[in-house]
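With compact mmCIF, C-alpha atoms inside, this is upload.txt:
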# COMPACT_ATOMS: atom_id res chain seq x y z
CA ALA T 1087 162.00 -15.70 157.48
CA ARG T 1088 165.38 -14.26 156.79
CA SER T 1089 167.56 -13.24 159.72
CA GLY T 1090 170.27 -10.66 160.28
CA THR T 1091 170.58 -6.97 159.51
CA PRO T 1092 170.65 -5.89 155.84
CA PRO T 1093 173.95 -4.43 154.60
CA HIS T 1094 174.36 -0.70 155.17
CA ALA T 1095 173.92 0.22 151.52
CA SER T 1096 170.74 -1.73 150.96
CA SER T 1097 169.43 -0.52 154.30
CA GLU T 1098 170.10 3.07 153.34
CA MET T 1099 168.49 2.62 149.94
CA SER T 1100 165.29 1.51 151.58
CA ALA T 1101 165.75 3.78 154.59
CA LEU T 1102 164.70 7.13 153.24
CA HIS T 1103 161.23 5.94 152.50
CA LEU T 1104 160.31 2.43 153.62
CA HIS T 1105 156.65 1.68 153.20
CA ALA T 1106 154.46 -1.41 153.14
CA SER T 1107 150.79 -2.40 152.89
CA ALA T 1108 148.02 -4.62 154.12
CA SER T 1109 146.64 -7.83 152.71
CA LEU T 1110 143.09 -6.48 152.44
CA ARG T 1111 142.21 -4.20 149.53
CA GLY T 1112 139.06 -2.13 149.65
CA ALA T 1113 138.49 -2.48 153.40
CA PRO T 1114 135.93 0.01 154.76
CA VAL T 1115 137.28 3.20 156.20
CA ILE T 1116 135.38 2.73 159.45
CA ALA T 1117 134.00 -0.71 160.29
CA PRO T 1118 131.06 -0.69 162.72
CA ARG T 1119 132.22 -1.67 166.20
CA ALA T 1120 129.33 -4.10 166.63
CA ALA T 1121 130.38 -5.94 163.49
CA ARG T 1122 133.93 -6.11 164.77
CA ARG T 1123 132.82 -7.63 168.07
CA ALA T 1124 130.71 -10.21 166.24
CA ASN T 1125 133.60 -10.98 163.94
CA VAL T 1126 135.92 -11.62 166.89
CA ALA T 1127 133.37 -13.60 168.90
CA ALA T 1128 132.56 -15.86 165.96
CA ARG T 1129 136.14 -17.09 165.74
CA GLY T 1130 137.30 -19.84 168.01
CA PRO T 1131 140.75 -21.31 168.59
CA MET T 1132 142.18 -22.28 165.22
CA PRO T 1133 145.51 -23.46 163.86
CA ILE T 1134 148.32 -20.94 163.74
CA VAL T 1135 148.81 -19.02 160.51
CA ARG T 1136 151.58 -16.67 159.43
CA ALA T 1137 151.22 -13.06 158.38
CA ASN T 1138 151.51 -12.47 154.65
CA ALA T 1139 154.52 -10.26 154.03
CA ASP T 1140 158.08 -10.69 152.85
CA ILE T 1141 160.00 -7.41 153.08
CA MET T 1142 163.11 -7.12 155.30
CA SER T 1143 164.14 -9.75 157.83
CA GLU T 1144 161.30 -9.31 160.33
CA VAL T 1145 158.40 -8.96 157.94
CA GLY T 1146 156.20 -12.00 157.61
CA THR T 1147 157.44 -13.63 160.81
CA ALA T 1148 154.51 -12.63 163.03
CA VAL T 1149 152.56 -15.67 164.21
CA LEU T 1150 148.80 -15.12 164.37
CA THR T 1151 145.84 -17.20 165.47
CA GLU T 1152 142.52 -17.24 163.66
CA GLY T 1153 141.02 -15.50 166.69
CA GLN T 1154 143.08 -12.37 166.16
CA LEU T 1155 141.79 -9.42 164.18
CA LYS T 1156 142.33 -9.21 160.46
CA ALA T 1157 144.45 -6.35 159.21
CA GLU T 1158 142.60 -3.46 157.59
CA ARG T 1159 145.75 -1.56 156.69
CA TYR T 1160 149.48 -2.22 156.49
CA VAL T 1161 151.82 0.31 158.03
CA ALA T 1162 155.52 0.74 157.35
CA SER T 1163 157.93 2.87 159.31
CA ASN T 1164 161.63 3.56 159.39
CA ARG T 1165 163.28 4.91 162.52
CA PHE T 1166 166.28 7.26 162.48
CA LYS T 1167 168.80 8.50 165.02
CA LEU T 1168 170.56 11.69 163.96
CA GLN T 1169 173.85 13.29 164.77
CA GLY T 1170 173.55 16.36 166.96
CA GLY T 1171 171.92 19.39 165.35
CA LYS T 1172 171.24 17.61 162.03
CA GLY T 1173 167.43 17.70 162.21
CA PRO T 1174 166.86 20.58 159.77
CA THR T 1175 169.41 19.11 157.35
CA PHE T 1176 167.60 15.77 157.49
CA GLU T 1177 164.23 17.43 156.86
CA LYS T 1178 165.65 19.37 153.92
CA ARG T 1179 166.77 16.13 152.28
CA TRP T 1180 163.25 14.74 152.59
CA ALA T 1181 161.61 17.94 151.37
CA GLU T 1182 163.76 18.09 148.24
CA ARG T 1183 163.59 14.45 147.23
CA LYS T 1184 161.71 13.43 144.12
CA SER T 1185 158.63 11.36 144.86
CA ARG T 1186 155.23 10.51 143.37
CA LEU T 1187 154.07 8.77 146.54
CA ALA T 1188 150.61 10.33 146.84
CA ASN T 1189 149.76 9.37 143.24
CA LEU T 1190 150.47 5.67 143.70
CA ASP T 1191 147.79 2.99 143.95
CA GLY T 1192 147.10 1.94 147.51
CA PHE T 1193 148.61 4.99 149.19
CA ARG T 1194 146.65 6.38 152.16
CA PHE T 1195 148.87 8.51 154.42
CA PHE T 1196 152.45 9.62 155.00
CA THR T 1197 154.28 11.85 157.42
CA LEU T 1198 157.84 12.29 158.62
CA MET T 1199 157.55 12.34 162.42
CA ARG T 1200 159.88 14.50 164.51
CA ARG T 1201 159.95 13.52 168.19
CA VAL T 1202 158.95 16.23 170.62
CA GLU T 1203 158.26 16.66 174.30
CA GLY T 1204 155.41 14.44 175.40
CA MET T 1205 153.86 12.96 178.49
CA GLY T 1206 157.17 11.23 179.21
CA GLY T 1207 159.13 14.49 179.23
CA PRO T 1208 161.35 16.16 176.65
CA PRO T 1209 163.67 14.17 174.37
CA SER T 1210 167.22 13.90 175.65
CA SER T 1211 170.53 12.97 174.07
CA THR T 1212 170.88 10.01 176.43
CA ASP T 1213 167.61 8.19 175.86
CA ASP T 1214 167.21 5.30 173.45
CA GLU T 1215 164.34 6.73 171.43
CA TYR T 1216 164.61 7.58 167.74
CA ASP T 1217 164.71 11.20 166.61
CA TYR T 1218 162.63 10.78 163.44
CA VAL T 1219 160.27 8.16 162.09
CA SER T 1220 158.94 7.96 158.54
CA LEU T 1221 155.47 6.45 158.55
CA THR T 1222 153.34 5.35 155.61
CA ILE T 1223 149.91 3.73 155.61
CA TRP T 1224 148.95 1.60 152.60
CA GLU T 1225 145.76 -0.20 151.71
CA ASP T 1226 147.71 -3.35 150.96
CA LYS T 1227 151.18 -4.61 150.22
CA THR T 1228 150.57 -4.72 146.47
CA GLY T 1229 150.86 -0.95 146.18
CA PHE T 1230 154.07 -0.89 148.19
CA ASP T 1231 155.65 -3.65 146.13
CA ALA T 1232 154.74 -1.86 142.91
CA TRP T 1233 156.35 1.32 144.26
CA ARG T 1234 159.61 -0.23 145.44
CA THR T 1235 160.15 -2.14 142.18
CA GLY T 1236 159.11 0.70 139.87
CA GLU T 1237 160.40 3.95 138.48
CA ALA T 1238 158.99 5.98 141.37
CA PHE T 1239 161.36 4.20 143.76
CA LYS T 1240 164.37 4.97 141.56
CA GLU T 1241 163.40 8.63 141.35
CA ALA T 1242 163.22 8.85 145.14
CA HIS T 1243 166.56 7.12 145.71
CA GLY T 1244 169.22 8.90 143.71
CA GLY T 1245 167.39 8.89 140.41
CA GLY T 1246 168.23 5.27 139.74
CA THR T 1247 171.87 6.04 138.81
CA LEU T 1248 174.97 4.76 140.59
CA PHE T 1249 176.24 8.32 141.04
CA GLY T 1250 172.96 9.43 142.58
CA PHE T 1251 172.87 6.44 144.93
CA VAL T 1252 176.46 6.95 146.13
CA GLU T 1253 175.78 10.65 146.68
CA MET T 1254 172.75 9.70 148.78
CA LEU T 1255 174.82 7.30 150.90
CA VAL T 1256 177.54 9.87 151.55
CA SER T 1257 174.92 12.42 152.56
CA SER T 1258 173.29 9.90 154.91
CA MET T 1259 176.56 9.11 156.69
CA MET T 1260 177.01 12.81 157.43
CA VAL T 1261 173.57 13.08 159.05
CA LEU T 1262 172.55 9.74 160.56
CA LYS T 1263 173.89 8.07 163.68
CA GLY T 1264 173.91 4.37 162.85
CA ASN T 1265 171.65 2.48 160.48
CA PRO T 1266 167.93 3.17 160.25
CA LYS T 1267 165.65 0.56 161.80
CA PRO T 1268 162.53 -0.43 159.82
CA ALA T 1269 159.40 -1.63 161.59
CA PHE T 1270 156.25 -3.00 159.95
CA TYR T 1271 152.77 -3.40 161.34
CA ASP T 1272 149.30 -4.72 160.65
CA GLY T 1273 146.85 -1.84 160.99
CA LEU T 1274 143.81 -2.77 163.10
CA LEU T 1275 140.54 -1.01 163.98
CA PRO T 1276 141.08 2.11 161.85
CA VAL T 1277 138.96 5.15 162.61
CA VAL T 1278 139.33 7.77 159.90
CA LYS T 1279 137.83 11.15 159.21
CA PRO T 1280 137.62 12.45 155.63
CA PRO T 1281 140.35 14.96 154.79
CA PRO T 1282 139.46 18.50 155.90
CA GLU T 1283 138.49 20.71 152.97
CA ASP T 1284 140.77 23.48 154.18
CA VAL T 1285 143.81 21.28 154.70
CA LYS T 1286 146.93 23.20 153.72
CA TRP T 1287 149.20 20.22 153.17
CA LYS T 1288 148.37 19.03 149.68
CA SER T 1289 150.61 17.16 147.29
CA VAL T 1290 152.11 18.68 144.17
CA GLY T 1291 152.76 15.93 141.65
CA GLY T 1292 152.56 13.31 144.37
CA TRP T 1293 154.86 14.99 146.89
CA ARG T 1294 155.01 18.19 148.94
CA ASP T 1295 156.36 21.51 147.68
CA VAL T 1296 157.79 22.83 150.94
CA PRO T 1297 160.75 25.26 151.10
CA ALA T 1298 163.47 23.98 153.43
CA ASP T 1299 166.70 25.82 154.23
CA GLY T 1300 168.43 23.12 156.26
CA VAL T 1301 168.79 25.53 159.18
CA ASN T 1302 165.28 25.90 160.58
CA PRO T 1303 162.92 22.98 161.28
CA LEU T 1304 159.88 22.63 159.03
CA GLU T 1305 156.50 23.79 160.28
CA PRO T 1306 154.43 20.82 161.54
CA ASP T 1307 151.36 19.69 159.61
CA VAL T 1308 149.97 17.28 162.22
CA PHE T 1309 150.54 16.02 165.74
CA VAL T 1310 151.00 12.28 166.28
CA ALA T 1311 150.58 10.47 169.60
CA MET T 1312 151.62 6.86 170.12
CA ASN T 1313 151.17 4.64 173.17
CA ARG T 1314 153.21 1.45 173.05
CA PHE T 1315 152.48 -1.87 174.79
CA LYS T 1316 154.51 -4.97 175.58
CA VAL T 1317 151.68 -7.47 175.32
CA LEU T 1318 152.45 -10.73 177.11
CA PRO T 1319 152.92 -13.94 175.09
CA GLY T 1320 149.60 -15.68 174.60
CA LYS T 1321 147.60 -12.56 175.50
CA GLU T 1322 147.57 -11.00 172.03
CA GLU T 1323 144.07 -12.19 171.14
CA ALA T 1324 142.60 -10.99 174.44
CA PHE T 1325 144.33 -7.62 174.02
CA GLU T 1326 142.83 -7.14 170.57
CA LYS T 1327 139.37 -8.19 171.76
CA ARG T 1328 139.54 -5.67 174.58
CA TRP T 1329 140.35 -2.85 172.17
CA ALA T 1330 137.68 -3.96 169.70
CA ALA T 1331 135.08 -3.79 172.47
CA ARG T 1332 136.07 -0.34 173.74
CA GLU T 1333 133.68 2.54 173.29
CA SER T 1334 135.31 5.58 171.76
CA SER T 1335 134.20 9.04 170.69
CA LEU T 1336 137.48 10.01 169.07
CA GLU T 1337 135.80 10.77 165.76
CA ASP T 1338 133.62 13.37 167.49
CA MET T 1339 136.60 15.34 168.79
CA ASP T 1340 137.62 18.54 167.06
CA GLY T 1341 140.95 18.13 165.31
CA PHE T 1342 140.90 14.33 165.23
CA LEU T 1343 142.12 12.84 161.93
CA THR T 1344 143.08 9.17 162.25
CA PHE T 1345 143.39 6.28 164.69
CA VAL T 1346 144.83 2.84 164.06
CA MET T 1347 146.07 0.09 166.35
CA LEU T 1348 149.46 -1.21 165.21
CA ARG T 1349 150.36 -4.88 165.60
CA ARG T 1350 154.06 -5.48 164.97
CA ASP T 1351 154.71 -7.81 162.07
CA ALA T 1352 157.69 -9.52 163.69
CA LEU T 1353 158.32 -12.73 165.56
CA ASN T 1354 160.04 -10.72 168.29
CA ALA T 1355 159.98 -6.93 168.34
CA GLU T 1356 163.54 -5.85 169.19
CA ASP T 1357 162.28 -3.14 171.57
CA GLY T 1358 159.59 -5.35 173.11
CA TYR T 1359 156.70 -3.16 171.92
CA ASN T 1360 154.54 -5.50 169.87
CA TYR T 1361 151.46 -3.25 169.88
CA SER T 1362 150.96 0.51 169.72
CA THR T 1363 148.16 2.97 169.28
CA LEU T 1364 148.67 5.64 166.63
CA THR T 1365 146.50 8.76 166.69
CA VAL T 1366 146.89 11.68 164.31
CA TRP T 1367 145.58 15.12 165.28
CA ARG T 1368 145.42 18.46 163.52
CA ASP T 1369 147.81 19.95 166.08
CA ARG T 1370 149.05 19.66 169.65
CA ALA T 1371 146.22 21.83 170.95
CA ALA T 1372 143.60 19.37 169.62
CA PHE T 1373 145.42 16.48 171.31
CA ASP T 1374 145.65 18.34 174.61
CA ALA T 1375 141.94 19.18 174.43
CA TRP T 1376 141.13 15.49 174.02
CA ARG T 1377 143.39 14.54 176.96
CA ALA T 1378 141.51 17.01 179.15
CA SER T 1379 138.06 15.89 177.93
CA SER T 1380 135.51 13.72 179.68
CA ALA T 1381 135.62 11.35 176.69
CA ASN T 1382 139.26 10.54 177.44
CA SER T 1383 138.55 10.12 181.15
CA LYS T 1384 135.68 7.75 180.41
CA ALA T 1385 137.75 5.63 178.03
CA HIS T 1386 140.57 5.26 180.54
CA ALA T 1387 138.20 4.59 183.42
CA SER T 1388 136.65 1.63 181.60
CA ALA T 1389 140.11 0.34 180.72
CA GLY T 1390 141.05 0.44 184.41
CA GLU T 1391 138.14 -1.85 185.29
CA GLU T 1392 139.73 -4.76 183.45
CA LYS T 1393 141.23 -7.26 185.88
CA GLU T 1394 143.27 -9.50 183.60
CA THR T 1395 146.85 -8.38 183.06
CA LEU T 1396 147.60 -8.37 179.36
CA TRP T 1397 150.86 -6.44 179.08
CA ALA T 1398 154.12 -6.05 181.00
CA GLY T 1399 154.86 -2.74 182.67
CA PRO T 1400 153.13 0.57 181.96
CA PRO T 1401 152.41 1.69 178.37
CA SER T 1402 155.08 3.94 176.91
CA PRO T 1403 153.87 7.16 175.24
CA VAL T 1404 155.86 9.01 172.61
CA MET T 1405 154.86 12.18 170.77
CA TYR T 1406 155.77 13.62 167.38
CA GLU T 1407 155.21 16.58 165.15
CA GLY T 1408 154.48 15.35 161.63
CA VAL T 1409 155.99 17.27 158.72
CA LEU T 1410 155.59 16.79 154.95
CA ALA T 1411 152.22 15.12 155.56
CA LEU T 1412 150.31 13.56 152.65
CA LEU T 1413 146.78 12.19 152.71
CA SER T 1414 144.70 10.37 150.12
CA GLU T 1415 141.21 11.56 149.24
CA LYS T 1416 139.84 8.55 151.16
CA GLY T 1417 141.66 9.57 154.31
CA ALA T 1418 144.15 7.30 156.02
Would you mind writing the structure in this file as structure tokens?
Amino acid sequence: ARSGTPPHASSEMSALHLHASASLRGAPVIAPRAARRANVAARGPMPIVRANADIMSEVGTAVLTEGQLKAERYVASNRFKLQGGKGPTFEKRWAERKSRLANLDGFRFFTLMRRVEGMGGPPSSTDDEYDYVSLTIWEDKTGFDAWRTGEAFKEAHGGGTLFGFVEMLVSSMMVLKGNPKPAFYDGLLPVVKPPPEDVKWKSVGGWRDVPADGVNPLEPDVFVAMNRFKVLPGKEEAFEKRWAARESSLEDMDGFLTFVMLRRDALNAEDGYNYSTLTVWRDRAAFDAWRASSANSKAHASAGEEKETLWAGPPSPVMYEGVLALLSEKGA
């Protein structure tokens, strides 16, 4: 794998909308849990293989065993720190960009995530978290590669002209604090509900038609909860098996949209979080209702019965409001 940080210009060009995809096309939206358990149990210790990806320095460096779960999605994100008070300006840039993302083959879900107060307390100017995260779920990497090498990519990044690209870079330097940080993941154990019929956030020509004034933050479309884990070396397979065996009634909860376990596609995650849950809800109220439910209590009670330590320290939750959301007809 390549090493080092990409130059600022190339990083910025890919920063506004980094996406990637999984190596499995046509995977079922929801695989039966029994089949997953059988699939895991049937695999024994096998030679090490490498993940199949080649974008950015970290992608493709994850080392997997044959006993680990196969990816059913590929998830790409880009993390941004902003200068003070620049959130609405940043959102306006995203809202007004040209994109055909939702019309592209392999696309499943996108949202621009704005960090908000969560179980860990409100965001502060002194913490090391990112202010915004762009997140895209693809069926496989083929769709992402076709996007980033095609006309749709040029349209979304300055129109493909030198003038447009330079203008984009200047605008970025006035809003961002440092370079964006991409992160790529295998998507495991997806649980997906079909798109609600009354969903208000629909694409227009492959993107959202949302007025943005650069002064007020955009109205959220979804609420996103993540819980991040620093899984210990050598415990990755056991961690995945534990999650595959868990009983969950998420799909029965009102307001639930999507769940996927994220496995970092990197040899060493720079922040230490090599796994994370990702759950998308209709709104904060739906998430809070789930947290207060007996289903959540039951799931966490069974997790507490496990005796083997698989990760270092407590999990780290982080919460977001998702704006400019897009969803394929298949769901995420």
Could you state the separation of atom CA of Phe1270 of chain T and atom CA of Asp1374 of chain T in Å, given to one decimal place?
-> 28.0 Å
Would you kindly identify which residues have an atom no farther than 6 Å from (150.9, 9.6, 161.0), using only C-alpha atoms and the file's own coordinates, and write them out as a PyMOL selection string?
-> chain T and resi 1197+1310+1366
Counting all atoms listed in the file, note down every residue that has an atom within 9 Å of the point (163.1, 15.2, 159.6) (file coordinates), as a short mmCIF file (atom, residue, chain, number, x, y, z; two decimals) with C-alpha atoms, in the frame of the given file.
data_model
loop_
_atom_site.label_atom_id
_atom_site.label_comp_id
_atom_site.auth_asym_id
_atom_site.auth_seq_id
_atom_site.Cartn_x
_atom_site.Cartn_y
_atom_site.Cartn_z
CA LYS T 1172 171.24 17.61 162.03
CA GLY T 1173 167.43 17.70 162.21
CA PRO T 1174 166.86 20.58 159.77
CA THR T 1175 169.41 19.11 157.35
CA PHE T 1176 167.60 15.77 157.49
CA GLU T 1177 164.23 17.43 156.86
CA LYS T 1178 165.65 19.37 153.92
CA ARG T 1179 166.77 16.13 152.28
CA TRP T 1180 163.25 14.74 152.59
CA ALA T 1181 161.61 17.94 151.37
CA LEU T 1198 157.84 12.29 158.62
CA MET T 1199 157.55 12.34 162.42
CA ARG T 1200 159.88 14.50 164.51
CA ASP T 1217 164.71 11.20 166.61
CA TYR T 1218 162.63 10.78 163.44
CA VAL T 1219 160.27 8.16 162.09
CA SER T 1220 158.94 7.96 158.54
CA PRO T 1303 162.92 22.98 161.28
CA LEU T 1304 159.88 22.63 159.03
CA GLY T 1408 154.48 15.35 161.63
CA VAL T 1409 155.99 17.27 158.72
CA LEU T 1410 155.59 16.79 154.95
#
Mind pulling up the distance from atom CA of Ala1269 of chain T to atom CA of Ala1242 of chain T?
->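 Value for the atom CA of Ala1242 of chain T-atom CA of Ala1269 of chain T distance: 19.9 Å.
Counting from atom CA of Ala1355 of chain T, the distance to atom CA of Ser1402 of chain T is 14.7 Å.
Candidate residues T:Met1405, T:Ile1223, T:Val1346, T:Leu1187 were compared for distance to Tyr1160 of chain T, and the nearest is T:Ile1223, using all atoms listed in the file.
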Counting all atoms listed in the file, the residue among T:Leu1353, T:Ala1232, T:Val1290, T:Val1278 that lies closest to Thr1365 of chain T is T:Val1278
Hey, could you make a per-residue contact list for segment 1251-1339 of chain T against segment 1149-1156 of chain T with 8 Å as the cut-off, showing the nearest pair of atoms and its distance in Å to one decimal, counting all atoms listed in the file, sorted by chain and number, as CSV?
residue,atom,partner,partner_atom,distance
T:Leu1274,CA,T:Leu1155,CA,7.0
T:Glu1322,CA,T:Gln1154,CA,7.5
T:Glu1323,CA,T:Gln1154,CA,5.1
T:Glu1326,CA,T:Gln1154,CA,6.8
T:Lys1327,CA,T:Gln1154,CA,7.9
Put those residues in a file: C-alpha atoms, as a PDB file, in the frame of the given file.
ATOM      1  CA  LEU T1274     143.810  -2.770 163.100  1.00  0.00           C
ATOM      2  CA  GLU T1322     147.570 -11.000 172.030  1.00  0.00           C
ATOM      3  CA  GLU T1323     144.070 -12.190 171.140  1.00  0.00           C
ATOM      4  CA  GLU T1326     142.830  -7.140 170.570  1.00  0.00           C
ATOM      5  CA  LYS T1327     139.370  -8.190 171.760  1.00  0.00           C
TER       6      LYS T1327
END
Using only C-alpha atoms, which residue out of T:Gly1204, T:Pro1297, T:Gly1292, T:Pro1400 lies closest to Leu1190 of chain T?
-> T:Gly1292
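Nearest-residue note for Ala1381 of chain T: choosing from T:Ala1188, T:Ser1163, T:Lys1240, T:Glu1333, the minimum distance belongs to T:Glu1333, counting only C-alpha atoms.
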Taking into account all atoms listed in the file, which residue in the set T:Trp1293, T:Tyr1271, T:Trp1367, T:Trp1287 is nearest to Ala1352 of chain T?
->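 Closest residue, counting all atoms listed in the file: T:Tyr1271.
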Since the input lacks atoms, please generate N, CA and C atoms for segment 1253-1276 of chain T and provide them as a short mmCIF file (atom, residue, chain, number, x, y, z; two decimals), in the frame of the given file.
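Ended up saving to rebuild-v5.cif:
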data_model
loop_
_atom_site.label_atom_id
_atom_site.label_comp_id
_atom_site.auth_asym_id
_atom_site.auth_seq_id
_atom_site.Cartn_x
_atom_site.Cartn_y
_atom_site.Cartn_z
N GLU T 1253 175.93 9.31 146.09
CA GLU T 1253 175.78 10.65 146.68
C GLU T 1253 174.81 10.60 147.86
N MET T 1254 173.73 9.83 147.71
CA MET T 1254 172.75 9.70 148.78
C MET T 1254 173.36 9.03 150.00
N LEU T 1255 174.19 8.00 149.79
CA LEU T 1255 174.82 7.30 150.90
C LEU T 1255 175.78 8.21 151.65
N VAL T 1256 176.59 8.96 150.92
CA VAL T 1256 177.54 9.87 151.55
C VAL T 1256 176.80 10.91 152.39
N SER T 1257 175.72 11.44 151.84
CA SER T 1257 174.92 12.42 152.56
C SER T 1257 174.34 11.82 153.83
N SER T 1258 173.88 10.56 153.75
CA SER T 1258 173.29 9.90 154.91
C SER T 1258 174.30 9.73 156.02
N MET T 1259 175.53 9.33 155.68
CA MET T 1259 176.56 9.11 156.69
C MET T 1259 176.92 10.38 157.43
N MET T 1260 176.70 11.53 156.80
CA MET T 1260 177.01 12.81 157.43
C MET T 1260 175.89 13.29 158.35
N VAL T 1261 174.73 12.63 158.29
CA VAL T 1261 173.57 13.08 159.05
C VAL T 1261 173.13 12.05 160.09
N LEU T 1262 173.08 10.79 159.70
CA LEU T 1262 172.55 9.74 160.56
C LEU T 1262 173.57 9.26 161.57
N LYS T 1263 173.06 8.70 162.67
CA LYS T 1263 173.89 8.07 163.68
C LYS T 1263 173.51 6.59 163.71
N GLY T 1264 174.25 5.78 162.97
CA GLY T 1264 173.91 4.37 162.85
C GLY T 1264 172.90 4.13 161.75
N ASN T 1265 172.60 2.85 161.53
CA ASN T 1265 171.65 2.48 160.48
C ASN T 1265 170.21 2.76 160.90
N PRO T 1266 169.36 3.08 159.94
CA PRO T 1266 167.93 3.17 160.25
C PRO T 1266 167.39 1.80 160.64
N LYS T 1267 166.27 1.80 161.34
CA LYS T 1267 165.65 0.56 161.80
C LYS T 1267 164.20 0.51 161.29
N PRO T 1268 163.91 -0.34 160.30
CA PRO T 1268 162.53 -0.43 159.82
C PRO T 1268 161.65 -1.20 160.80
N ALA T 1269 160.39 -0.89 160.80
CA ALA T 1269 159.40 -1.63 161.59
C ALA T 1269 158.10 -1.64 160.81
N PHE T 1270 157.46 -2.82 160.74
CA PHE T 1270 156.25 -3.00 159.95
C PHE T 1270 155.12 -3.49 160.84
N TYR T 1271 153.91 -3.12 160.48
CA TYR T 1271 152.77 -3.40 161.34
C TYR T 1271 151.52 -3.75 160.52
N ASP T 1272 150.68 -4.61 161.10
CA ASP T 1272 149.30 -4.72 160.65
C ASP T 1272 148.54 -3.56 161.26
N GLY T 1273 147.69 -2.91 160.48
CA GLY T 1273 146.85 -1.84 160.99
C GLY T 1273 145.47 -2.37 161.33
N LEU T 1274 145.07 -2.24 162.60
CA LEU T 1274 143.81 -2.77 163.10
C LEU T 1274 142.88 -1.64 163.53
N LEU T 1275 141.58 -1.90 163.44
CA LEU T 1275 140.54 -1.01 163.98
C LEU T 1275 140.68 0.45 163.55
N PRO T 1276 140.88 0.71 162.27
CA PRO T 1276 141.08 2.11 161.85
C PRO T 1276 139.82 2.95 162.05
#
